[in-house]
>>> print(open('query-v7.cif').read())   # mmCIF, C-alpha atoms and all ligand atoms
data_upload
#
loop_
_atom_site.label_atom_id
_atom_site.label_comp_id
_atom_site.auth_asym_id
_atom_site.auth_seq_id
_atom_site.Cartn_x
_atom_site.Cartn_y
_atom_site.Cartn_z
CA MET A 1 -9.84 6.54 -26.20
CA GLU A 2 -12.61 6.33 -23.68
CA ILE A 3 -11.64 8.07 -20.46
CA VAL A 4 -13.55 6.85 -17.40
CA ILE A 5 -12.96 8.98 -14.31
CA GLN A 6 -14.46 7.51 -11.17
CA PRO A 7 -14.66 8.93 -7.63
CA THR A 8 -12.21 6.35 -6.23
CA ALA A 9 -9.65 3.81 -7.42
CA LYS A 10 -12.03 1.11 -6.20
CA ALA A 11 -14.86 2.42 -8.38
CA ALA A 12 -12.55 2.73 -11.40
CA THR A 13 -11.37 -0.82 -10.77
CA SER A 14 -14.91 -2.14 -10.65
CA VAL A 15 -15.61 -0.65 -14.10
CA ALA A 16 -12.52 -2.48 -15.40
CA ALA A 17 -13.53 -5.71 -13.65
CA ARG A 18 -17.00 -5.55 -15.23
CA ILE A 19 -15.46 -5.20 -18.69
CA ILE A 20 -13.30 -8.28 -18.13
CA ALA A 21 -16.16 -10.26 -16.56
CA ARG A 22 -18.36 -9.55 -19.55
CA LEU A 23 -15.61 -10.66 -21.94
CA LEU A 24 -15.13 -13.95 -20.07
CA GLN A 25 -18.88 -14.55 -20.11
CA GLU A 26 -19.14 -13.85 -23.83
CA LYS A 27 -15.93 -15.68 -24.70
CA PRO A 28 -14.93 -18.27 -22.07
CA SER A 29 -11.73 -19.04 -24.01
CA ALA A 30 -10.64 -15.40 -24.11
CA VAL A 31 -6.96 -14.51 -24.24
CA LEU A 32 -6.05 -11.92 -21.61
CA GLY A 33 -2.89 -9.85 -21.47
CA LEU A 34 -2.06 -9.12 -17.85
CA ALA A 35 0.01 -6.56 -15.99
CA THR A 36 1.76 -6.40 -12.64
CA GLY A 37 2.60 -3.56 -10.27
CA SER A 38 0.47 -2.10 -7.52
CA THR A 39 -2.21 -0.73 -9.87
CA PRO A 40 -3.94 -3.99 -10.91
CA LEU A 41 -3.92 -5.48 -7.40
CA LEU A 42 -7.43 -4.23 -6.64
CA LEU A 43 -8.58 -5.48 -10.03
CA TYR A 44 -7.29 -8.98 -9.40
CA ARG A 45 -8.92 -9.00 -5.97
CA GLU A 46 -12.23 -7.99 -7.55
CA LEU A 47 -11.96 -10.62 -10.31
CA ILE A 48 -11.30 -13.29 -7.67
CA ARG A 49 -14.34 -12.12 -5.72
CA MET A 50 -16.50 -12.39 -8.85
CA LYS A 51 -15.81 -16.17 -9.07
CA LEU A 52 -15.51 -16.19 -12.86
CA ASP A 53 -14.74 -19.30 -14.86
CA TRP A 54 -11.07 -19.20 -15.87
CA SER A 55 -10.84 -22.85 -16.98
CA LYS A 56 -10.49 -22.00 -20.68
CA VAL A 57 -8.88 -18.57 -20.35
CA LYS A 58 -5.36 -18.10 -21.66
CA THR A 59 -3.09 -15.39 -20.28
CA PHE A 60 0.08 -13.65 -21.39
CA ASN A 61 1.90 -11.35 -19.01
CA LEU A 62 3.48 -8.18 -20.26
CA ASP A 63 6.88 -8.42 -18.71
CA GLU A 64 9.37 -9.95 -16.31
CA TYR A 65 12.68 -8.98 -14.73
CA ILE A 66 15.75 -10.68 -16.09
CA GLY A 67 17.83 -12.65 -13.65
CA LEU A 68 15.31 -13.19 -10.84
CA ALA A 69 14.52 -16.80 -10.02
CA PRO A 70 10.84 -17.55 -10.72
CA THR A 71 10.45 -18.17 -6.99
CA HIS A 72 11.86 -14.74 -6.06
CA PRO A 73 9.02 -12.90 -4.27
CA GLN A 74 9.41 -9.89 -6.61
CA SER A 75 9.44 -11.90 -9.82
CA TYR A 76 6.30 -11.19 -11.82
CA ARG A 77 5.68 -14.94 -11.94
CA SER A 78 5.43 -14.99 -8.13
CA PHE A 79 3.30 -11.85 -8.23
CA MET A 80 0.79 -13.34 -10.63
CA TRP A 81 0.43 -16.67 -8.83
CA GLU A 82 0.22 -14.99 -5.45
CA ASN A 83 -2.26 -12.28 -6.42
CA LEU A 84 -4.45 -13.95 -9.02
CA PHE A 85 -3.78 -17.38 -10.47
CA ARG A 86 -3.76 -19.46 -7.29
CA HIS A 87 -7.17 -18.04 -6.38
CA VAL A 88 -8.96 -18.92 -9.65
CA ASN A 89 -9.54 -22.10 -11.67
CA ILE A 90 -7.01 -21.28 -14.39
CA THR A 91 -5.21 -24.16 -16.12
CA LYS A 92 -1.48 -23.89 -15.50
CA LYS A 93 -0.53 -24.57 -19.11
CA ASN A 94 -2.67 -21.62 -20.22
CA VAL A 95 -0.54 -19.18 -18.22
CA HIS A 96 2.32 -17.48 -20.05
CA ILE A 97 4.84 -15.23 -18.32
CA PRO A 98 8.14 -14.19 -19.90
CA ASP A 99 11.01 -16.34 -18.64
CA GLY A 100 13.57 -13.96 -17.16
CA GLN A 101 16.04 -16.81 -16.88
CA ALA A 102 15.83 -17.99 -20.49
CA LYS A 103 19.30 -18.93 -21.81
CA ASP A 104 18.62 -17.53 -25.26
CA ILE A 105 16.49 -14.45 -24.67
CA PRO A 106 15.94 -13.37 -28.31
CA LYS A 107 14.81 -16.91 -29.11
CA PHE A 108 12.50 -16.94 -26.12
CA CYS A 109 11.02 -13.57 -27.14
CA ALA A 110 10.34 -14.78 -30.70
CA LYS A 111 8.63 -17.87 -29.27
CA TYR A 112 6.49 -15.71 -26.94
CA GLU A 113 5.28 -13.68 -29.91
CA GLN A 114 4.58 -16.88 -31.80
CA GLN A 115 2.61 -18.30 -28.85
CA ILE A 116 0.46 -15.15 -28.73
CA ARG A 117 -0.24 -15.45 -32.46
CA ALA A 118 -1.04 -19.17 -32.13
CA THR A 119 -3.88 -18.41 -29.69
CA GLY A 120 -5.45 -16.03 -32.21
CA GLY A 121 -4.16 -12.91 -30.44
CA ILE A 122 -4.91 -11.09 -27.20
CA ASP A 123 -8.57 -10.13 -26.75
CA LEU A 124 -7.99 -7.70 -23.92
CA GLN A 125 -4.76 -6.31 -22.56
CA VAL A 126 -4.66 -4.88 -19.03
CA LEU A 127 -2.14 -2.04 -18.69
CA GLY A 128 -0.75 0.09 -15.91
CA ILE A 129 1.45 3.07 -16.66
CA GLY A 130 4.84 4.09 -15.33
CA THR A 131 5.43 7.61 -14.01
CA ASP A 132 7.49 8.10 -17.20
CA GLY A 133 4.63 6.87 -19.41
CA HIS A 134 5.95 3.34 -19.90
CA ILE A 135 3.55 0.51 -20.70
CA GLY A 136 4.80 -2.97 -19.97
CA PHE A 137 8.44 -2.08 -19.50
CA ASN A 138 8.62 -0.09 -22.74
CA GLU A 139 10.56 2.86 -21.48
CA PRO A 140 10.53 6.30 -23.15
CA THR A 141 12.08 6.20 -26.65
CA SER A 142 11.07 2.55 -27.13
CA SER A 143 10.20 1.91 -30.74
CA LEU A 144 6.46 2.31 -31.21
CA ALA A 145 6.66 -0.77 -33.47
CA SER A 146 8.68 -2.89 -31.03
CA ARG A 147 8.02 -6.57 -30.33
CA THR A 148 8.78 -8.69 -27.25
CA ARG A 149 12.44 -8.15 -26.40
CA ILE A 150 14.99 -7.30 -23.76
CA LYS A 151 14.93 -3.74 -22.39
CA THR A 152 17.03 -1.75 -19.94
CA LEU A 153 15.08 -0.08 -17.14
CA THR A 154 15.50 3.64 -16.56
CA MET A 155 16.78 4.94 -13.25
CA GLN A 156 13.33 6.39 -12.59
CA THR A 157 11.60 3.03 -13.04
CA ARG A 158 14.16 1.35 -10.81
CA GLU A 159 13.58 4.04 -8.18
CA ASP A 160 9.79 3.71 -8.53
CA ASN A 161 10.01 -0.05 -8.03
CA ALA A 162 12.63 0.08 -5.26
CA ARG A 163 9.79 0.02 -2.72
CA PHE A 164 9.14 -3.62 -3.60
CA PHE A 165 12.80 -4.63 -3.29
CA GLY A 166 14.00 -2.82 -0.20
CA GLY A 167 16.32 -0.48 -2.13
CA LYS A 168 16.96 0.45 -5.75
CA ASP A 169 20.30 -1.36 -5.91
CA GLN A 170 18.41 -4.64 -5.73
CA VAL A 171 16.10 -3.81 -8.64
CA PRO A 172 17.31 -5.61 -11.78
CA HIS A 173 18.57 -3.47 -14.65
CA HIS A 174 17.05 -5.56 -17.43
CA CYS A 175 13.73 -7.07 -18.30
CA ILE A 176 11.79 -8.83 -21.02
CA THR A 177 8.72 -6.93 -22.16
CA MET A 178 6.09 -7.32 -24.82
CA GLY A 179 6.73 -4.61 -27.37
CA ILE A 180 4.55 -1.63 -28.10
CA GLY A 181 3.69 -3.20 -31.47
CA THR A 182 2.63 -6.35 -29.59
CA ILE A 183 0.41 -4.36 -27.22
CA MET A 184 -1.12 -2.45 -30.13
CA GLU A 185 -2.28 -5.74 -31.67
CA ALA A 186 -4.48 -6.60 -28.67
CA ARG A 187 -8.11 -6.23 -29.73
CA GLN A 188 -8.82 -4.09 -26.68
CA ASN A 189 -6.59 -2.23 -24.23
CA LEU A 190 -7.66 -1.39 -20.70
CA LEU A 191 -5.35 1.08 -18.97
CA LEU A 192 -5.67 1.76 -15.25
CA ALA A 193 -3.93 4.53 -13.32
CA PHE A 194 -4.39 5.77 -9.80
CA GLY A 195 -2.75 8.48 -7.73
CA ALA A 196 -1.28 11.92 -8.30
CA ASN A 197 2.11 10.51 -9.29
CA LYS A 198 0.51 9.22 -12.51
CA ALA A 199 -1.26 12.49 -13.42
CA ARG A 200 1.46 13.87 -15.69
CA ALA A 201 2.02 10.59 -17.54
CA ILE A 202 -1.74 10.23 -18.07
CA ALA A 203 -2.22 13.82 -19.28
CA GLU A 204 0.62 13.38 -21.78
CA ALA A 205 -0.62 9.97 -22.91
CA VAL A 206 -4.25 11.05 -23.39
CA GLU A 207 -3.99 14.68 -24.47
CA GLY A 208 -0.39 15.12 -25.58
CA PRO A 209 1.19 14.37 -28.94
CA ILE A 210 1.92 10.77 -29.89
CA THR A 211 5.54 10.33 -29.02
CA ALA A 212 7.90 7.53 -28.07
CA PHE A 213 8.88 9.80 -25.20
CA ASN A 214 5.57 8.83 -23.57
CA PRO A 215 5.03 5.28 -24.87
CA ALA A 216 1.42 5.12 -23.64
CA SER A 217 0.54 7.99 -26.00
CA VAL A 218 0.64 5.52 -28.91
CA LEU A 219 -2.64 4.14 -27.59
CA GLN A 220 -4.28 7.16 -29.26
CA LEU A 221 -3.83 5.16 -32.47
CA HIS A 222 -5.60 2.08 -31.08
CA PRO A 223 -9.31 1.80 -31.92
CA THR A 224 -10.49 0.32 -28.60
CA VAL A 225 -8.89 1.71 -25.45
CA LYS A 226 -10.53 2.38 -22.12
CA VAL A 227 -8.65 4.37 -19.50
CA CYS A 228 -9.96 3.93 -15.95
CA LEU A 229 -8.81 6.68 -13.59
CA ASP A 230 -9.33 8.03 -10.11
CA PRO A 231 -9.59 11.82 -9.60
CA SER A 232 -5.89 12.19 -8.70
CA SER A 233 -4.53 10.49 -11.80
CA ALA A 234 -7.03 12.50 -13.88
CA SER A 235 -6.16 15.81 -12.21
CA LEU A 236 -4.08 17.23 -15.08
CA LEU A 237 -6.52 16.36 -17.87
CA LYS A 238 -7.75 19.50 -19.61
CA ARG A 239 -10.98 17.91 -20.83
CA ALA A 240 -11.87 16.00 -17.65
CA ASP A 241 -15.34 17.57 -17.49
CA TYR A 242 -16.08 16.37 -21.02
CA TYR A 243 -14.94 12.80 -20.27
CA ARG A 244 -17.09 12.74 -17.12
CA TRP A 245 -20.12 13.98 -19.05
CA VAL A 246 -19.64 11.43 -21.83
CA TYR A 247 -19.46 8.54 -19.37
CA ALA A 248 -22.41 9.74 -17.28
CA ASN A 249 -24.58 10.14 -20.37
CA LYS A 250 -23.80 7.00 -22.33
CA PRO A 251 -26.83 5.67 -24.13
CA ALA A 252 -27.91 2.23 -22.89
CA TRP A 253 -26.52 0.49 -25.98
CA GLN A 254 -23.11 1.96 -25.35
CA GLN A 255 -22.77 0.95 -21.68
CA PHE A 256 -20.27 -1.53 -20.41
C1 LIG A 301 5.86 -1.56 -13.55
C2 LIG A 301 5.36 -2.58 -14.59
C3 LIG A 301 4.28 -1.99 -15.43
C4 LIG A 301 3.39 -1.18 -14.51
C5 LIG A 301 4.12 0.06 -14.08
C6 LIG A 301 3.42 0.83 -12.97
O1 LIG A 301 7.21 -1.47 -13.39
N1 LIG A 301 6.32 -3.20 -15.42
O2 LIG A 301 3.59 -3.00 -16.12
O3 LIG A 301 2.24 -0.78 -15.18
O4 LIG A 301 5.46 -0.22 -13.79
O5 LIG A 301 3.52 0.21 -11.74
P1 LIG A 301 2.57 0.52 -10.51
O6 LIG A 301 1.24 0.02 -10.87
O7 LIG A 301 3.17 -0.22 -9.35
O8 LIG A 301 2.59 1.99 -10.33
#
>>> encode(input="query-v7.cif", output="structure tokens")
Amino acid sequence: MEIVIQPTAKAATSVAARIIARLLQEKPSAVLGLATGSTPLLLYRELIRMKLDWSKVKTFNLDEYIGLAPTHPQSYRSFMWENLFRHVNITKKNVHIPDGQAKDIPKFCAKYEQQIRATGGIDLQVLGIGTDGHIGFNEPTSSLASRTRIKTLTMQTREDNARFFGGKDQVPHHCITMGIGTIMEARQNLLLAFGANKARAIAEAVEGPITAFNPASVLQLHPTVKVCLDPSSASLLKRADYYRWVYANKPAWQQF
């Protein structure tokens, strides 16, 4: 894992945006895995500002609530079109977001996995992290080998996301999420976390044991993970000084 601690969320986001911009320049037909939530909002704004060419890019979103109409303002489909896709030259058929209204959800999930495979796999997966360590909507105790499937949200996640819905009772109980096994197959993972409420989840994920109780900790087994943090989300890391030194002293050939 490469831990990049920047002075602000904006600075950490611009490191992440540069990594994605370079990928799209090197591989215009890259396959991106995308995340929702408040964390990647700055990233999407920055990518829009960079005026990259998205015409050949394919995207797969991590997750979606079950039962919300695609037009519901809190559906992740609405989120993605509102905050990224409508501002860039992406081709609609290249966008993939789990269908939370699919009649046969297991069949839909198997097809989603198959569609990812058919593109040659995800080049770079953007991740946020839940306060309980979830990635996508893989809640604690999710199988570390899981594939795209239905999951039940924890009370904590529903409370965390209540701010978007005007009350936790309106937050759906179920979702479709890429599995942890699916995420682990991305060629590169880029995890962003900002704010003190993420500090514990980040410390456990980066420096704790690998455990399904903090699903993000499995990323320790992935060969190419960058974790972009602000000082608050990094505040419980024991080796923060080391990570800062490593990043500040990267040889030119190792920069990104
Ligand atoms: C959400 C999403 C995750 C996201 C996480 C953190 O519920 N399903 O993909 O990373 O929880 O959200 P936020 O960035 O709003 O803190």
>>> atom_distance(input="query-v7.cif", atom1="atom CA of A:Gln220", atom2="atom CA of A:Met1")
6.4 Å
>>> atom_distance(input="query-v7.cif", atom1="atom CA of A:Ala203", atom2="atom CA of A:Leu236")
5.7 Å
>>> residues_near_point(input="query-v7.cif", point="(-6.5, -2.3, -18.1)", cutoff="7 Å", atoms="all atoms listed in the file", output="list of chain:residue names")
A:Ala16, A:Gln125, A:Val126, A:Leu127, A:Gly128, A:Asn189, A:Leu190, A:Leu191, A:Leu192
>>> closest_residue(input="query-v7.cif", among="A:Thr119, A:Asn249, A:Gln255, A:Gln188", to="A:His222", atoms="all atoms listed in the file")
A:Gln188
>>> residues_around(input="query-v7.cif", residues="stretch 40-42 of chain A", least_positions_apart="2", cutoff="12 Å", atoms="all atoms listed in the file", output="NGL selection string")
:A and (8-17 or 34-38 or 44-49 or 79-80 or 82-84 or 125-129 or 190-194 or 228)
>>> atom_distance(input="query-v7.cif", atom1="atom CA of A:Glu207", atom2="atom CA of A:Ala240")
10.5 Å
>>> decode(input="query-v7.cif", residues="stretch 3-30 of chain A", atoms="N, CA and C atoms", output="tab-separated table (two decimals), in the first residue's frame")
chain	number	residue	atom	x	y	z
A	3	ILE	N	0.72	5.02	1.01
A	3	ILE	CA	-0.12	5.95	1.78
A	3	ILE	C	0.33	7.37	1.47
A	4	VAL	N	-0.58	8.16	0.91
A	4	VAL	CA	-0.26	9.53	0.51
A	4	VAL	C	-1.06	10.48	1.40
A	5	ILE	N	-0.36	11.12	2.34
A	5	ILE	CA	-1.05	12.05	3.24
A	5	ILE	C	-0.76	13.47	2.77
A	6	GLN	N	-1.82	14.18	2.45
A	6	GLN	CA	-1.66	15.54	1.92
A	6	GLN	C	-2.23	16.56	2.92
A	7	PRO	N	-1.85	17.83	2.79
A	7	PRO	CA	-2.28	18.82	3.79
A	7	PRO	C	-3.79	19.07	3.80
A	8	THR	N	-4.46	18.82	2.69
A	8	THR	CA	-5.91	19.03	2.63
A	8	THR	C	-6.55	17.93	1.78
A	9	ALA	N	-7.88	17.83	1.91
A	9	ALA	CA	-8.62	16.87	1.06
A	9	ALA	C	-8.47	17.25	-0.41
A	10	LYS	N	-8.41	18.55	-0.66
A	10	LYS	CA	-8.28	19.01	-2.05
A	10	LYS	C	-6.95	18.54	-2.64
A	11	ALA	N	-5.88	18.68	-1.84
A	11	ALA	CA	-4.56	18.26	-2.33
A	11	ALA	C	-4.51	16.75	-2.52
A	12	ALA	N	-5.13	16.00	-1.60
A	12	ALA	CA	-5.14	14.53	-1.73
A	12	ALA	C	-5.95	14.14	-2.97
A	13	THR	N	-7.03	14.88	-3.22
A	13	THR	CA	-7.84	14.61	-4.40
A	13	THR	C	-7.05	14.89	-5.67
A	14	SER	N	-6.24	15.94	-5.66
A	14	SER	CA	-5.55	16.25	-6.91
A	14	SER	C	-4.48	15.21	-7.22
A	15	VAL	N	-3.91	14.57	-6.19
A	15	VAL	CA	-3.00	13.43	-6.46
A	15	VAL	C	-3.79	12.32	-7.16
A	16	ALA	N	-4.97	12.01	-6.61
A	16	ALA	CA	-5.80	10.94	-7.20
A	16	ALA	C	-6.21	11.29	-8.63
A	17	ALA	N	-6.57	12.55	-8.85
A	17	ALA	CA	-7.01	12.97	-10.19
A	17	ALA	C	-5.86	12.84	-11.19
A	18	ARG	N	-4.65	13.17	-10.75
A	18	ARG	CA	-3.48	13.04	-11.64
A	18	ARG	C	-3.25	11.59	-12.04
A	19	ILE	N	-3.44	10.68	-11.08
A	19	ILE	CA	-3.25	9.25	-11.38
A	19	ILE	C	-4.25	8.80	-12.44
A	20	ILE	N	-5.49	9.24	-12.29
A	20	ILE	CA	-6.53	8.84	-13.26
A	20	ILE	C	-6.27	9.51	-14.61
A	21	ALA	N	-5.89	10.79	-14.58
A	21	ALA	CA	-5.63	11.50	-15.84
A	21	ALA	C	-4.51	10.82	-16.62
A	22	ARG	N	-3.47	10.41	-15.90
A	22	ARG	CA	-2.36	9.75	-16.58
A	22	ARG	C	-2.82	8.42	-17.19
A	23	LEU	N	-3.65	7.69	-16.47
A	23	LEU	CA	-4.15	6.41	-16.99
A	23	LEU	C	-4.95	6.66	-18.28
A	24	LEU	N	-5.82	7.66	-18.26
A	24	LEU	CA	-6.65	7.91	-19.46
A	24	LEU	C	-5.81	8.39	-20.63
A	25	GLN	N	-4.71	9.08	-20.33
A	25	GLN	CA	-3.81	9.49	-21.42
A	25	GLN	C	-3.07	8.29	-22.00
A	26	GLU	N	-2.61	7.42	-21.11
A	26	GLU	CA	-1.85	6.24	-21.57
A	26	GLU	C	-2.76	5.19	-22.20
A	27	LYS	N	-3.99	5.10	-21.70
A	27	LYS	CA	-4.92	4.08	-22.18
A	27	LYS	C	-6.30	4.71	-22.35
A	28	PRO	N	-6.58	5.32	-23.50
A	28	PRO	CA	-7.85	6.04	-23.67
A	28	PRO	C	-9.08	5.14	-23.51
A	29	SER	N	-8.89	3.82	-23.68
A	29	SER	CA	-10.04	2.91	-23.53
A	29	SER	C	-10.04	2.24	-22.15
A	30	ALA	N	-9.47	2.93	-21.17
A	30	ALA	CA	-9.36	2.34	-19.82
A	30	ALA	C	-10.73	1.99	-19.25
